[in-house]
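run.cif (mmCIF, C-alpha atoms and all ligand atoms) appears below.
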data_input
#
loop_
_atom_site.label_atom_id
_atom_site.label_comp_id
_atom_site.auth_asym_id
_atom_site.auth_seq_id
_atom_site.Cartn_x
_atom_site.Cartn_y
_atom_site.Cartn_z
CA MET A 26 87.55 11.18 284.23
CA ILE A 27 85.61 7.98 284.87
CA LYS A 28 87.06 7.68 288.37
CA THR A 29 85.92 11.26 289.05
CA LEU A 30 82.41 10.44 287.87
CA TYR A 31 82.40 7.36 290.09
CA PHE A 32 83.58 9.48 293.00
CA PHE A 33 80.73 11.96 292.53
CA GLY A 34 78.34 9.05 292.06
CA ALA A 35 79.53 7.57 295.36
CA VAL A 36 79.18 10.93 297.12
CA PHE A 37 75.67 11.28 295.69
CA LEU A 38 74.84 7.77 296.89
CA SER A 39 76.15 8.42 300.42
CA ILE A 40 74.14 11.65 300.67
CA LEU A 41 71.13 9.65 299.56
CA LEU A 42 71.77 6.96 302.16
CA CYS A 43 72.49 9.48 304.92
CA SER A 44 69.19 11.15 304.35
CA CYS A 45 67.38 7.85 304.98
CA ASP A 46 65.43 9.05 307.99
CA ALA A 47 64.11 12.09 306.25
CA THR A 48 63.20 10.43 302.97
CA PRO A 49 60.26 8.13 302.33
CA SER A 50 61.66 4.79 301.10
CA GLY A 51 60.03 5.13 297.66
CA LYS A 52 62.17 8.18 297.05
CA ILE A 53 65.33 6.33 298.09
CA GLU A 54 64.54 3.55 295.67
CA GLN A 55 63.90 6.06 292.94
CA GLY A 56 67.18 7.74 293.78
CA LEU A 57 69.06 4.44 293.72
CA ARG A 58 67.49 3.55 290.43
CA SER A 59 68.48 6.83 288.86
CA PHE A 60 72.00 6.37 290.26
CA GLN A 61 72.08 2.92 288.63
CA LYS A 62 70.98 4.48 285.33
CA PHE A 63 73.63 7.18 285.65
CA ASN A 64 76.23 4.51 286.43
CA ASP A 65 75.14 2.46 283.39
CA GLY A 66 75.42 5.57 281.21
CA VAL A 67 78.95 6.29 282.44
CA GLN A 68 80.01 2.69 281.84
CA GLN A 69 78.45 2.60 278.39
CA ALA A 70 80.35 5.76 277.47
CA ALA A 71 83.61 4.34 278.89
CA PHE A 72 83.37 0.99 277.07
CA SER A 73 85.53 0.84 274.02
CA LYS A 74 85.33 -2.06 271.65
CA ASN A 75 89.07 -1.91 271.19
CA LYS A 76 90.02 -1.90 274.85
CA LEU A 77 91.25 -5.39 275.66
CA ALA A 78 91.19 -7.06 279.06
CA PRO A 79 94.58 -7.27 280.85
CA LYS A 80 96.90 -9.82 279.23
CA ILE A 81 97.49 -12.98 281.28
CA GLU A 82 100.64 -15.04 280.72
CA ASP A 83 100.45 -18.85 280.81
CA LYS A 84 102.63 -18.88 283.95
CA ASP A 85 99.96 -16.81 285.75
CA LEU A 86 97.08 -19.18 284.99
CA THR A 87 95.16 -20.57 287.95
CA PRO A 88 96.04 -24.27 288.38
CA GLU A 89 93.26 -26.30 286.84
CA SER A 90 92.72 -28.11 290.16
CA GLN A 91 91.75 -24.74 291.70
CA PHE A 92 89.26 -23.76 288.97
CA ARG A 93 86.38 -22.49 291.10
CA VAL A 94 82.71 -23.10 290.44
CA ASN A 95 79.96 -20.64 291.24
CA ASP A 96 76.22 -20.83 290.68
CA TYR A 97 73.06 -19.32 292.08
CA ASP A 98 71.43 -22.73 292.25
CA THR A 99 73.09 -25.96 291.18
CA HIS A 100 76.48 -26.99 289.74
CA THR A 101 74.78 -29.71 287.73
CA PRO A 102 71.67 -28.47 285.93
CA PRO A 103 69.96 -30.72 283.37
CA SER A 104 72.27 -29.53 280.59
CA ASP A 105 72.34 -31.83 277.57
CA THR A 106 76.01 -32.62 277.07
CA THR A 107 75.34 -35.23 274.36
CA GLU A 108 75.49 -34.51 270.65
CA ASN A 109 71.76 -33.77 270.78
CA TRP A 110 72.47 -30.34 272.32
CA ARG A 111 71.55 -27.38 270.14
CA LEU A 112 71.86 -23.63 270.56
CA PHE A 113 68.58 -22.05 269.49
CA VAL A 114 69.28 -18.75 267.72
CA THR A 115 66.35 -16.42 267.10
CA GLY A 116 65.26 -12.79 266.78
CA LEU A 117 66.80 -10.28 264.37
CA VAL A 118 68.91 -12.80 262.48
CA LYS A 119 69.01 -13.95 258.85
CA HIS A 120 69.53 -17.62 259.67
CA PRO A 121 67.63 -18.46 262.84
CA GLY A 122 67.70 -22.08 263.89
CA TYR A 123 69.19 -24.80 266.03
CA TYR A 124 73.01 -25.00 265.90
CA SER A 125 74.99 -28.05 267.00
CA LEU A 126 78.28 -28.00 268.89
CA ALA A 127 79.94 -29.61 265.85
CA GLN A 128 78.85 -26.63 263.71
CA ILE A 129 80.13 -24.16 266.32
CA LYS A 130 83.45 -26.03 266.57
CA GLU A 131 83.93 -25.79 262.79
CA LEU A 132 84.18 -22.01 263.07
CA GLN A 133 87.59 -20.41 263.63
CA LYS A 134 88.76 -21.16 267.14
CA GLN A 135 90.08 -18.53 269.51
CA VAL A 136 92.04 -19.51 272.62
CA GLN A 137 92.73 -16.83 275.20
CA ASN A 138 93.84 -16.43 278.80
CA SER A 139 91.62 -14.14 280.78
CA LYS A 140 90.80 -13.14 284.29
CA HIS A 141 87.39 -14.13 285.57
CA VAL A 142 86.31 -11.75 288.34
CA CYS A 143 83.38 -12.71 290.56
CA VAL A 144 81.49 -9.92 292.28
CA GLU A 145 81.78 -11.93 295.52
CA GLY A 146 85.45 -10.99 295.71
CA TRP A 147 87.54 -13.69 294.06
CA SER A 148 89.13 -14.07 290.68
CA GLN A 149 90.92 -16.68 288.61
CA ASN A 150 92.93 -16.78 285.38
CA ILE A 151 91.56 -19.28 282.91
CA LYS A 152 92.59 -20.47 279.44
CA TRP A 153 89.33 -20.42 277.49
CA GLY A 154 88.64 -21.66 273.98
CA GLY A 155 85.74 -21.16 271.60
CA VAL A 156 84.61 -18.99 268.73
CA ALA A 157 84.52 -15.20 269.07
CA LEU A 158 80.88 -14.30 269.58
CA TRP A 159 81.11 -11.53 266.93
CA TYR A 160 82.21 -14.16 264.40
CA PHE A 161 79.34 -16.48 265.30
CA LEU A 162 76.88 -13.57 265.14
CA ASP A 163 78.10 -12.65 261.65
CA TRP A 164 77.96 -16.28 260.60
CA VAL A 165 74.28 -16.64 261.57
CA GLY A 166 73.54 -13.26 259.97
CA ALA A 167 72.67 -11.39 263.16
CA ASP A 168 71.64 -7.80 262.55
CA SER A 169 74.68 -5.94 263.88
CA THR A 170 72.63 -2.75 264.21
CA ALA A 171 70.36 -4.51 266.74
CA LYS A 172 71.00 -3.21 270.24
CA TYR A 173 71.12 -6.31 272.44
CA ILE A 174 71.81 -10.03 272.79
CA ALA A 175 69.87 -12.10 275.33
CA VAL A 176 70.75 -15.65 276.43
CA GLU A 177 68.84 -18.27 278.39
CA CYS A 178 70.44 -21.18 280.25
CA ALA A 179 69.61 -24.73 281.33
CA ASP A 180 69.41 -23.70 285.02
CA LYS A 181 66.90 -20.91 284.28
CA TYR A 182 69.68 -18.32 284.55
CA TYR A 183 69.53 -15.62 281.89
CA GLU A 184 71.68 -12.70 280.78
CA GLY A 185 71.58 -9.67 278.52
CA TYR A 186 74.35 -7.80 276.71
CA ASP A 187 74.61 -4.62 274.68
CA MET A 188 75.73 -5.38 271.11
CA GLU A 189 79.09 -3.65 271.50
CA SER A 190 80.04 -5.86 274.47
CA ALA A 191 78.71 -8.97 272.72
CA ARG A 192 80.89 -8.12 269.69
CA HIS A 193 83.98 -7.25 271.75
CA PRO A 194 86.96 -9.21 270.32
CA GLU A 195 87.41 -11.18 273.57
CA THR A 196 83.77 -12.21 274.08
CA LEU A 197 83.58 -15.94 273.39
CA LEU A 198 80.99 -18.53 272.64
CA CYS A 199 83.14 -20.87 274.70
CA TYR A 200 83.31 -24.67 274.69
CA GLU A 201 86.78 -25.31 276.18
CA ALA A 202 88.78 -24.49 279.28
CA PHE A 203 92.44 -25.44 279.68
CA ASN A 204 92.37 -26.98 276.17
CA LYS A 205 89.68 -29.51 277.17
CA PRO A 206 85.93 -29.58 276.59
CA LEU A 207 84.11 -27.61 279.31
CA THR A 208 83.12 -29.76 282.25
CA LEU A 209 79.46 -29.79 283.25
CA GLN A 210 80.03 -27.60 286.29
CA HIS A 211 81.78 -24.95 284.21
CA GLY A 212 78.98 -24.71 281.66
CA ALA A 213 79.16 -27.65 279.22
CA PRO A 214 78.61 -27.84 276.40
CA CYS A 215 78.69 -24.12 275.71
CA ARG A 216 78.83 -20.84 277.63
CA ILE A 217 79.54 -17.16 277.21
CA VAL A 218 82.91 -15.79 278.37
CA MET A 219 83.09 -12.00 278.64
CA PRO A 220 86.43 -10.97 280.21
CA THR A 221 85.56 -7.25 280.13
CA LYS A 222 82.69 -7.79 282.60
CA LEU A 223 82.05 -9.25 286.03
CA GLY A 224 81.73 -13.04 286.14
CA TYR A 225 77.95 -13.10 286.31
CA LYS A 226 77.83 -11.93 282.67
CA SER A 227 79.61 -15.15 281.62
CA ALA A 228 76.47 -17.29 281.36
CA LYS A 229 76.94 -21.05 281.50
CA TRP A 230 74.87 -23.84 279.83
CA ILE A 231 73.38 -21.57 277.22
CA LEU A 232 70.43 -22.91 275.25
CA LYS A 233 68.98 -19.90 273.51
CA LEU A 234 70.41 -16.71 272.02
CA VAL A 235 68.16 -13.85 270.92
CA VAL A 236 69.15 -10.81 268.83
CA THR A 237 66.83 -8.01 269.89
CA ASN A 238 66.19 -4.30 270.30
CA THR A 239 64.46 -4.84 273.65
CA LYS A 240 66.82 -4.46 276.59
CA PRO A 241 67.06 -7.89 278.27
CA GLY A 242 67.34 -8.34 282.02
CA GLY A 243 69.71 -10.68 283.79
CA TYR A 244 69.36 -13.03 286.75
CA TRP A 245 71.42 -10.85 289.14
CA GLU A 246 70.71 -7.57 287.37
CA ASP A 247 66.99 -7.99 288.02
CA GLN A 248 67.84 -8.16 291.73
CA GLY A 249 69.70 -4.85 291.63
CA TYR A 250 73.17 -5.77 290.39
CA ASP A 251 74.81 -3.57 287.79
CA TRP A 252 73.61 -4.28 284.23
CA ASN A 253 76.82 -3.16 282.52
CA ALA A 254 79.05 -4.86 285.10
CA GLY A 255 82.18 -3.51 283.42
CA LEU A 256 85.62 -4.19 284.90
N1 LIG A 301 73.83 -20.48 283.92
C1 LIG A 301 74.55 -19.85 284.87
N2 LIG A 301 75.62 -19.15 284.51
C2 LIG A 301 76.36 -18.52 285.44
C3 LIG A 301 75.99 -18.53 286.81
C4 LIG A 301 74.85 -19.29 287.17
O1 LIG A 301 74.44 -19.37 288.35
N3 LIG A 301 74.16 -19.93 286.18
N4 LIG A 301 76.77 -17.87 287.74
C5 LIG A 301 77.65 -16.79 287.23
C6 LIG A 301 78.66 -16.36 288.18
S1 LIG A 301 78.15 -15.35 289.46
C7 LIG A 301 79.99 -16.67 288.05
S2 LIG A 301 81.17 -16.03 289.08
C8 LIG A 301 80.44 -17.59 286.97
C9 LIG A 301 81.22 -18.76 287.55
O2 LIG A 301 81.77 -19.52 286.50
P1 LIG A 301 82.56 -20.85 286.86
O3 LIG A 301 81.67 -21.69 287.73
O4 LIG A 301 82.91 -21.50 285.57
O5 LIG A 301 83.80 -20.40 287.61
O6 LIG A 301 79.35 -18.11 286.23
C10 LIG A 301 78.35 -17.19 285.94
N5 LIG A 301 77.44 -17.83 285.02
MO MO A 302 80.06 -14.50 290.31
#
Let's see the structure in the file written out as structure tokens.
Amino acid sequence: MIKTLYFFGAVFLSILLCSCDATPSGKIEQGLRSFQKFNDGVQQAAFSKNKLAPKIEDKDLTPESQFRVNDYDTHTPPSDTTENWRLFVTGLVKHPGYYSLAQIKELQKQVQNSKHVCVEGWSQNIKWGGVALWYFLDWVGADSTAKYIAVECADKYYEGYDMESARHPETLLCYEAFNKPLTLQHGAPCRIVMPTKLGYKSAKWILKLVVTNTKPGGYWEDQGYDWNAGL
């Protein structure tokens, strides 16, 4: 069903692109934008909160020495990795405020192997550890009927998630990889890990989390990449 919709979407897109010469560019952009919206709608409908990412056995983990780093700007932004770091939580939430890593680590820990898929065409299997984001959201009293979560990062990167994806059982507020604290280049002290989505949704070095009904943008999404980014 979904594949069929994608197929028709792709056909629609090729017709659009083939008619380049005849169409003023504004129209093409409009067409692309409505295709993107259509695509988002299909993905939203396909996303199930119970559908887990493919299971990865320990033997299939990427060797830690080959753990790849990817960033739009720098591998070492001015992220505070001392105990002074706080996650600022705000918006539609009962207990807004500044949360320390120690507080986050006190919450029930979830360790999981998952595949990280970068849109550039590579993937890796990582053992992540942290607290399930749904658990953290409940703990701070986030309004679960709110539509979106937005995050902002130390390198000026930013991301947005629909609430269902944010509350997916495998979405982590992550502070460990391979049973060790995250290294700076992989997002220390704290990042999002969202195995059901392309890698650019897994925001590193997060500083601020907002619960909101206003659809947030994302660093790559605002340059035309897919907002849902489902795998
Ligand atoms: N803050 C921030 N988070 C980010 C990015 C970034 O540039 N800045 N890049 C994203 C992309 S495109 C990928 S593939 C993953 C890479 O994560 P890794 O470096 O831990 O492998 O981080 C994502 N999160
Ligand atoms: Mo990526």
Need the axis-aligned box for stretch 210-222 of chain A with 8 Å each side, so what are the centre and edges in Å to one decimal, as JSON?
{"center_x": 82.5, "center_y": -17.5, "center_z": 281.0, "size_x": 23.8, "size_y": 36.6, "size_z": 26.6}
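Using all atoms listed in the file for every distance, the candidate list A:Ile217, A:Leu256, A:Thr196, A:Val142 yields A:Ile217 as the residue closest to A:Val176.
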I'd like the neighbourhood of stretch 94-102 of chain A as a PDB file with C-alpha atoms, in the coordinates of the input, where a residue qualifies if any of its atoms comes within 10 Å (using only C-alpha atoms), though same-chain residues fewer than 2 positions away should be ignored.
ATOM      1  CA  GLN A  91      91.750 -24.740 291.700  1.00  0.00           C
ATOM      2  CA  PHE A  92      89.260 -23.760 288.970  1.00  0.00           C
ATOM      3  CA  SER A 104      72.270 -29.530 280.590  1.00  0.00           C
ATOM      4  CA  ASP A 105      72.340 -31.830 277.570  1.00  0.00           C
ATOM      5  CA  CYS A 143      83.380 -12.710 290.560  1.00  0.00           C
ATOM      6  CA  GLU A 145      81.780 -11.930 295.520  1.00  0.00           C
ATOM      7  CA  CYS A 178      70.440 -21.180 280.250  1.00  0.00           C
ATOM      8  CA  ALA A 179      69.610 -24.730 281.330  1.00  0.00           C
ATOM      9  CA  ASP A 180      69.410 -23.700 285.020  1.00  0.00           C
ATOM     10  CA  LYS A 181      66.900 -20.910 284.280  1.00  0.00           C
ATOM     11  CA  TYR A 182      69.680 -18.320 284.550  1.00  0.00           C
ATOM     12  CA  THR A 208      83.120 -29.760 282.250  1.00  0.00           C
ATOM     13  CA  LEU A 209      79.460 -29.790 283.250  1.00  0.00           C
ATOM     14  CA  GLN A 210      80.030 -27.600 286.290  1.00  0.00           C
ATOM     15  CA  HIS A 211      81.780 -24.950 284.210  1.00  0.00           C
ATOM     16  CA  GLY A 212      78.980 -24.710 281.660  1.00  0.00           C
ATOM     17  CA  ALA A 213      79.160 -27.650 279.220  1.00  0.00           C
ATOM     18  CA  GLY A 224      81.730 -13.040 286.140  1.00  0.00           C
ATOM     19  CA  TYR A 225      77.950 -13.100 286.310  1.00  0.00           C
ATOM     20  CA  ALA A 228      76.470 -17.290 281.360  1.00  0.00           C
ATOM     21  CA  LYS A 229      76.940 -21.050 281.500  1.00  0.00           C
ATOM     22  CA  TRP A 230      74.870 -23.840 279.830  1.00  0.00           C
ATOM     23  CA  TYR A 244      69.360 -13.030 286.750  1.00  0.00           C
ATOM     24  CA  TRP A 245      71.420 -10.850 289.140  1.00  0.00           C
TER      25      TRP A 245
END
Open item on the list: Set the distance at 9 Å and use only C-alpha atoms: which residues neighbour A:Gly166 once local chain neighbours fewer than 4 positions away are removed? I'd like the list as a ChimeraX atom specification.
Closed with: /A:117-121,161-162
Selected residues written out, C-alpha atoms, as a compact mmCIF listing (two decimals), in the frame of the given file:
# COMPACT_ATOMS: atom_id res chain seq x y z
CA LEU A 117 66.80 -10.28 264.37
CA VAL A 118 68.91 -12.80 262.48
CA LYS A 119 69.01 -13.95 258.85
CA HIS A 120 69.53 -17.62 259.67
CA PRO A 121 67.63 -18.46 262.84
CA PHE A 161 79.34 -16.48 265.30
CA LEU A 162 76.88 -13.57 265.14
TODO: Would you kindly return, as a list in words, each protein, DNA or RNA residue with an atom no farther than 12 Å from any atom of A:Lys205, considering all atoms listed in the file and excluding same-chain residues fewer than 3 positions away?
DONE: Glu89, Val136, Ile151, Lys152, Trp153, Gly154, Gly155, Cys199, Tyr200, Glu201, Ala202, Thr208, Leu209, His211, Ala213 and Pro214 of chain A
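Considering the residues A:Thr106, A:Gln149, A:Gln128, A:Ser227 and counting only C-alpha atoms, A:Thr87 has its shortest atom-to-atom contact with A:Gln149.
Proximity to ligand MO 302 (chain A) was assessed for A:Thr237, A:Ser169, A:Ser148, A:Ser90 counting all atoms listed in the file; the smallest distance is recorded for A:Ser148.
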TODO: Go ahead and compute the interatomic distance for atom O1 of ligand LIG 301 (chain A) and atom CA of A:Trp159, in Å to one decimal.
DONE: 23.8 Å
